[in-house]
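The next block is coords-v6.txt, given as compact mmCIF, C-alpha atoms and all ligand atoms.
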```
# COMPACT_ATOMS: atom_id res chain seq x y z
CA MET A 330 76.18 -33.06 5.86
CA ARG A 331 77.98 -35.53 8.13
CA HIS A 332 81.60 -36.43 8.75
CA PHE A 333 83.04 -39.86 9.49
CA PHE A 334 86.54 -40.98 10.32
CA LYS A 335 87.71 -44.18 8.69
CA VAL A 336 89.93 -46.00 11.16
CA ASP A 337 92.27 -48.65 9.81
CA PRO A 338 92.69 -51.66 12.13
CA ALA A 339 96.15 -52.33 10.66
CA LYS A 340 97.48 -48.89 11.69
CA VAL A 341 98.55 -47.68 15.11
CA LEU A 342 96.73 -45.12 17.26
CA SER A 343 97.70 -44.19 20.82
CA ASP A 344 95.13 -44.13 23.62
CA PRO A 345 95.13 -40.29 23.75
CA GLU A 346 94.53 -40.21 19.99
CA VAL A 347 91.57 -42.58 20.28
CA GLU A 348 90.25 -40.40 23.11
CA ALA A 349 90.61 -37.27 20.96
CA LEU A 350 88.79 -38.91 18.05
CA LEU A 351 85.97 -40.01 20.37
CA ASN A 352 85.67 -36.45 21.72
CA SER A 353 85.87 -34.81 18.29
CA ASP A 354 82.98 -33.28 16.35
CA THR A 355 82.78 -36.22 13.96
CA ASP A 356 79.47 -38.01 13.46
CA GLY A 357 80.97 -41.45 13.52
CA PHE A 358 83.60 -44.04 12.77
CA ILE A 359 84.03 -46.64 10.08
CA ILE A 360 86.40 -49.41 11.11
CA GLY A 361 87.92 -50.89 7.97
CA GLY A 362 90.87 -51.09 5.62
CA THR A 363 92.24 -52.92 2.61
CA ASP A 364 95.55 -54.42 3.72
CA HIS A 365 96.49 -56.60 6.67
CA VAL A 366 93.07 -56.46 8.30
CA THR A 367 92.49 -59.57 10.40
CA ALA A 368 89.71 -60.65 12.74
CA GLU A 369 92.09 -59.91 15.65
CA ASN A 370 93.12 -56.36 14.74
CA ALA A 371 89.55 -55.52 13.64
CA ALA A 372 88.23 -56.70 17.02
CA PHE A 373 90.91 -54.78 18.93
CA CYS A 374 90.24 -51.61 16.94
CA TYR A 375 86.43 -51.88 17.10
CA GLU A 376 86.49 -52.41 20.87
CA ARG A 377 88.42 -49.16 21.40
CA PHE A 378 85.54 -47.20 19.83
CA MET A 379 82.66 -49.24 21.24
CA GLY A 380 81.80 -46.84 24.06
CA THR A 381 80.94 -44.04 21.66
CA ASP A 382 77.44 -42.62 21.27
CA LYS A 383 78.34 -41.64 17.69
CA ALA A 384 77.72 -43.95 14.73
CA LEU A 385 80.08 -46.93 14.65
CA PHE A 386 80.32 -49.19 11.61
CA LEU A 387 82.41 -52.21 10.89
CA GLU A 388 83.14 -52.28 7.16
CA LEU A 389 83.43 -55.86 5.99
CA SER A 390 86.02 -56.14 3.26
CA HIS A 391 86.20 -59.87 3.82
CA THR A 392 84.08 -62.28 5.80
CA GLN A 393 86.76 -63.13 8.36
CA MET A 394 86.12 -59.66 9.74
CA VAL A 395 82.63 -60.46 11.02
CA LEU A 396 82.64 -59.72 14.74
CA PRO A 397 79.73 -61.15 16.72
CA PHE A 398 79.66 -58.15 19.08
CA ALA A 399 79.55 -55.48 16.34
CA ASP A 400 76.29 -53.60 15.93
CA GLN A 401 76.30 -52.01 12.48
CA PHE A 402 77.98 -53.39 9.40
CA LEU A 403 78.77 -51.78 6.06
CA VAL A 404 79.04 -54.21 3.17
CA PRO A 405 80.78 -52.68 0.14
CA LEU A 406 79.52 -53.82 -3.24
CA VAL A 407 82.13 -52.59 -5.73
CA LEU A 408 79.78 -51.83 -8.59
CA ASN A 409 82.55 -51.03 -11.09
CA SER A 410 84.52 -54.23 -10.51
CA PRO A 411 84.36 -56.82 -13.30
CA ASP A 412 84.84 -59.51 -10.62
CA SER A 413 81.45 -60.44 -9.16
CA ASN A 414 83.24 -61.72 -6.08
CA PHE A 415 83.66 -58.05 -5.04
CA ILE A 416 80.02 -57.26 -5.76
CA VAL A 417 77.98 -60.08 -4.32
CA GLY A 418 80.07 -63.26 -4.58
CA GLN A 419 81.86 -63.31 -1.26
CA PHE A 420 78.77 -62.12 0.58
CA SER A 421 76.50 -64.79 -0.84
CA GLU A 422 79.12 -67.30 0.31
CA ALA A 423 78.98 -65.71 3.75
CA LEU A 424 75.18 -65.90 3.85
CA LYS A 425 75.37 -69.57 3.00
CA ARG A 426 77.78 -70.04 5.88
CA PHE A 427 76.06 -67.91 8.53
CA SER A 428 72.38 -68.28 7.60
CA PRO A 429 69.98 -68.18 9.46
CA HIS A 430 71.96 -66.07 11.95
CA VAL A 431 72.50 -63.04 9.73
CA PRO A 432 71.38 -59.76 11.40
CA PHE A 433 70.06 -58.15 8.21
CA LYS A 434 68.69 -55.11 10.03
CA GLN A 435 72.21 -54.27 11.17
CA ILE A 436 73.71 -54.45 7.69
CA GLN A 437 73.89 -51.56 5.21
CA PRO A 438 74.98 -52.50 1.71
CA VAL A 439 77.04 -49.70 0.14
CA GLY A 440 77.33 -49.20 -3.60
CA TYR A 441 81.01 -48.43 -4.06
CA MET A 442 82.53 -46.67 -7.05
CA VAL A 443 86.28 -47.13 -6.80
CA LEU A 444 87.70 -44.23 -8.81
CA ASN A 445 91.41 -43.86 -8.02
CA GLY A 446 93.13 -46.45 -10.21
CA GLU A 447 96.30 -46.24 -8.11
CA ALA A 448 94.64 -47.18 -4.85
CA LYS A 449 95.18 -50.69 -3.47
CA VAL A 450 91.44 -51.28 -3.49
CA ALA A 451 91.30 -50.48 -7.23
CA GLN A 452 94.08 -52.93 -7.97
CA LEU A 453 92.54 -55.61 -5.79
CA THR A 454 89.07 -55.30 -7.30
CA LYS A 455 90.34 -54.46 -10.84
CA ALA A 456 87.79 -51.64 -10.80
CA ASN A 457 87.13 -49.94 -14.10
CA VAL A 458 88.09 -46.34 -13.34
CA ALA A 459 87.99 -45.10 -16.95
CA LEU A 460 84.52 -43.68 -16.54
CA LEU A 461 82.84 -40.51 -17.72
CA LYS A 462 80.65 -38.58 -15.34
CA GLU A 463 77.62 -39.93 -17.21
CA ASP A 464 78.83 -43.49 -16.51
CA VAL A 465 79.18 -42.80 -12.80
CA ALA A 466 75.76 -41.14 -12.76
CA ALA A 467 74.27 -44.24 -14.41
CA TYR A 468 75.77 -46.38 -11.64
CA ALA A 469 74.27 -43.96 -9.10
CA GLU A 470 70.82 -44.37 -10.65
CA LEU A 471 71.29 -48.12 -10.74
CA ALA A 472 72.21 -48.04 -7.04
CA GLU A 473 69.18 -45.95 -6.10
CA ARG A 474 66.39 -46.93 -8.46
CA PHE A 475 67.25 -50.53 -9.23
CA LEU A 476 69.18 -51.90 -6.27
CA HIS A 477 67.63 -49.56 -3.66
CA LEU A 478 70.95 -49.19 -1.90
CA PRO A 479 70.95 -46.75 1.04
CA VAL A 480 74.43 -45.43 0.22
CA PHE A 481 76.42 -44.67 -2.95
CA TYR A 482 80.10 -44.13 -2.12
CA LEU A 483 82.55 -42.27 -4.36
CA GLU A 484 85.82 -43.80 -3.23
CA TYR A 485 89.02 -42.03 -4.30
CA SER A 486 91.16 -43.38 -1.46
CA GLY A 487 94.51 -41.55 -1.49
CA LYS A 488 93.58 -38.86 -4.02
CA LEU A 489 91.25 -35.89 -3.89
CA GLY A 490 88.49 -36.54 -6.39
CA ASP A 491 86.65 -34.40 -8.85
CA ALA A 492 84.20 -32.09 -7.05
CA SER A 493 82.27 -31.45 -10.26
CA LEU A 494 81.62 -35.21 -10.48
CA VAL A 495 80.41 -35.23 -6.87
CA ARG A 496 78.01 -32.41 -7.69
CA TYR A 497 76.80 -34.09 -10.88
CA VAL A 498 76.16 -37.42 -9.14
CA LYS A 499 74.43 -35.71 -6.21
CA GLY A 500 72.02 -34.20 -8.74
CA LYS A 501 70.97 -37.72 -9.79
CA LEU A 502 70.16 -39.04 -6.32
CA GLN A 503 67.04 -38.41 -4.29
CA GLU A 504 66.96 -41.00 -1.53
CA THR A 505 70.27 -42.81 -1.65
CA GLU A 506 72.91 -40.94 0.35
CA LEU A 507 76.07 -39.83 -1.42
CA TRP A 508 79.23 -40.51 0.57
CA TYR A 509 82.59 -39.18 -0.55
CA GLY A 510 86.00 -40.46 0.63
CA GLY A 511 89.53 -39.99 -0.57
CA GLY A 512 92.43 -37.61 -0.39
CA ILE A 513 90.98 -35.18 2.16
CA ARG A 514 94.19 -33.72 3.58
CA SER A 515 92.99 -30.40 5.01
CA VAL A 516 89.97 -28.56 6.33
CA ARG A 517 89.81 -26.84 2.95
CA ASP A 518 89.54 -30.18 1.11
CA ALA A 519 86.88 -31.30 3.60
CA ARG A 520 84.77 -28.18 3.00
CA PHE A 521 85.22 -28.53 -0.74
CA MET A 522 83.80 -32.06 -0.84
CA ALA A 523 81.22 -31.43 1.87
CA GLU A 524 79.51 -28.92 -0.35
CA PHE A 525 77.83 -31.71 -2.36
CA ALA A 526 78.30 -35.01 -0.52
CA ASP A 527 75.94 -36.05 2.28
CA VAL A 528 78.85 -37.64 4.12
CA ILE A 529 82.59 -37.08 3.85
CA VAL A 530 85.04 -39.71 5.05
CA VAL A 531 88.52 -38.86 6.33
CA GLY A 532 90.99 -41.76 6.48
CA ASN A 533 94.73 -41.47 6.06
CA LEU A 534 94.95 -37.93 7.38
CA ILE A 535 94.44 -39.41 10.87
CA TYR A 536 97.84 -41.08 10.50
CA GLU A 537 99.56 -38.30 8.54
CA ASN A 538 98.50 -35.12 10.34
CA PHE A 539 96.41 -35.92 13.39
CA SER A 540 95.59 -32.35 14.44
CA GLU A 541 94.44 -31.41 10.92
CA ALA A 542 92.31 -34.57 10.82
CA LEU A 543 90.57 -33.49 14.03
CA LYS A 544 89.93 -30.05 12.53
CA THR A 545 88.16 -31.57 9.49
CA ALA A 546 85.46 -32.78 11.90
CA GLU A 547 84.83 -29.20 13.05
CA ILE A 548 83.16 -28.37 9.74
CA THR A 549 80.06 -30.18 11.06
CA ARG A 550 79.54 -27.40 13.65
C1 LIG B 601 88.92 -44.74 2.32
O1 LIG B 601 87.73 -43.09 1.28
C2 LIG B 601 88.36 -43.38 2.46
O2 LIG B 601 87.85 -45.61 2.09
C3 LIG B 601 89.35 -42.37 2.89
O3 LIG B 601 90.39 -42.14 1.96
O4 LIG B 601 92.46 -42.43 3.26
O5 LIG B 601 92.45 -40.96 1.22
O6 LIG B 601 91.27 -40.26 3.32
P1 LIG B 601 91.72 -41.41 2.46
```
Starting from the file, lay out its structure as structure tokens.
Amino acid sequence: MRHFFKVDPAKVLSDPEVEALLNSDTDGFIIGGTDHVTAENAAFCYERFMGTDKALFLELSHTQMVLPFADQFLVPLVLNSPDSNFIVGQFSEALKRFSPHVPFKQIQPVGYMVLNGEAKVAQLTKANVALLKEDVAAYAELAERFLHLPVFYLEYSGKLGDASLVRYVKGKLQETELWYGGGIRSVRDARFMAEFADVIVVGNLIYENFSEALKTAEITR
């Protein structure tokens, strides 16, 4: 099991906080957010973490965020959005624009399941969150067996999800990694979700309770 911090370019972190995150037990950082993310704040944020020897991903929620000096990109395909723009549309537009200079080896597509209907990302993508565990498992199989995606991400941003769903979905995947993110507000929550997910992602807790956020990374020890 691995642990990543999701760092929002639109939110403020002091230099000592960045230092503490870099020195924490986390396995890596995802730079990304839903609101107010611009090329400028994404670049500023990414550069503060660039010296790390941990994993460092730039999550592209829109194409203006492409930074030429970034190394590893995550491209979220929101599989349960009815709007194909959030699945492949905006990225095919980007390929048209940037081809033939697209560093495909540095890009990981991520099959996203947006599951908290109250989250901004759910509203933006109009994700269908009224899903049974069998529906989510079918998306997981689609992600692994049909689309061959390296990562399937259960995204509950802002709310702790259903651990029995995480376990059920994990049982359907063999090669595709299962990432879980959303609502982890304590070490206890982190352990709870880490039992079944290959990766847990801690976001808002960084800005709400910094010392507890750091402690969630200690579960990797
Ligand atoms: C967001 O899943 C992550 O993509 C983290 O969610 O901010 O609720 O921790 P939280």
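Each residue with an atom within 7 Å of any atom of ligand LIG 601 (chain B) appears in the list, which was built counting all atoms listed in the file: Lys335, Glu484, Tyr485, Ser486, Gly487, Lys488, Tyr509, Gly510, Gly511, Gly512, Ile513, Val530, Val531, Gly532, Asn533 and Leu534 of chain A.
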*Measuring atom to atom with only C-alpha atoms, identify which of A:Glu369, A:Glu506, A:Asp464, A:Asp518 is nearest to Gln437 (chain A).*
A:Glu506
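The space between CA of Asn414 (chain A) and CA of Pro397 (chain A) spans 23.1 Å.
Taking CA of Arg426 (chain A) and CA of Thr367 (chain A) as endpoints, the distance between them is 18.6 Å.
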*Using only C-alpha atoms: which of A:Ala519, A:Asn409, A:Val495, A:Ser428 has the shortest distance to Leu460 (chain A)*: A:Asn409
*Can you tell me, as a PyMOL selection string, what residues are no more than 9 Å from Phe334 (chain A) when counting all atoms listed in the file, ignoring any on the same chain fewer than 5 positions away?*
chain A and resi 350+355-360+529-532+535+542+546
*Selected residue, from A:Gln419, A:Ser515, A:Asn457, A:Ser343, that lies nearest to Leu444 (chain A) when counting only C-alpha atoms*: A:Asn457
*Which protein, DNA or RNA residues are at most 12 Å from (84.9, -42.3, 20.9) in the file's coordinates when you count all atoms listed in the file, listed as a VMD selection string?*
chain A and resid 333 to 334 336 344 to 359 374 to 385
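Among the candidate residues A:Ala526, A:Ala451, A:Val341, A:Ile548, the one lying nearest to Asp412 (chain A) is A:Ala451, with distances computed using all atoms listed in the file.
In this structure, CA of Pro479 (chain A) sits 24.9 Å away from CA of Pro338 (chain A).
Proximity of A:Val516, A:Met394, A:Leu483, A:Ala492 to Val528 (chain A), computed with all atoms listed in the file, is greatest for A:Leu483.
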*Excluding same-chain residues fewer than 4 positions from Arg474 (chain A), what lies within 10 Å of it counting only C-alpha atoms, as a ChimeraX atom specification?*
/A:468-470,478,502-505
Go ahead and save the residues from that selection, with C-alpha atoms, as a JSON list (two decimals), in the coordinates of the input.
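Full text of out-v2.json as output:
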```
[["chain", "number", "residue", "atom", "x", "y", "z"],
["A", 468, "TYR", "CA", 75.77, -46.38, -11.64],
["A", 469, "ALA", "CA", 74.27, -43.96, -9.10],
["A", 470, "GLU", "CA", 70.82, -44.37, -10.65],
["A", 478, "LEU", "CA", 70.95, -49.19, -1.90],
["A", 502, "LEU", "CA", 70.16, -39.04, -6.32],
["A", 503, "GLN", "CA", 67.04, -38.41, -4.29],
["A", 504, "GLU", "CA", 66.96, -41.00, -1.53],
["A", 505, "THR", "CA", 70.27, -42.81, -1.65]]
```
Axis-aligned box for all listed atoms of region 408-426 of chain A, 6 Å per side, centre and edges in Å to one decimal, as AutoDock Vina command-line options:
```
--center_x 80.0 --center_y -60.5 --center_z -3.7 --size_x 21.7 --size_y 31.0 --size_z 31.2
```
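Residue nearest Tyr441 (chain A) within the list A:Lys499, A:Arg520, A:Leu476, A:Trp508: A:Trp508 [criterion: smallest interatomic distance, all atoms listed in the file].
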*Mind listing whatever residues come within 6 Å of the point (86.9, -58.5, 14.1)? Use all atoms listed in the file, file coordinates, and give them as a VMD selection string.*
chain A and resid 368 to 369 371 to 372 394 to 396
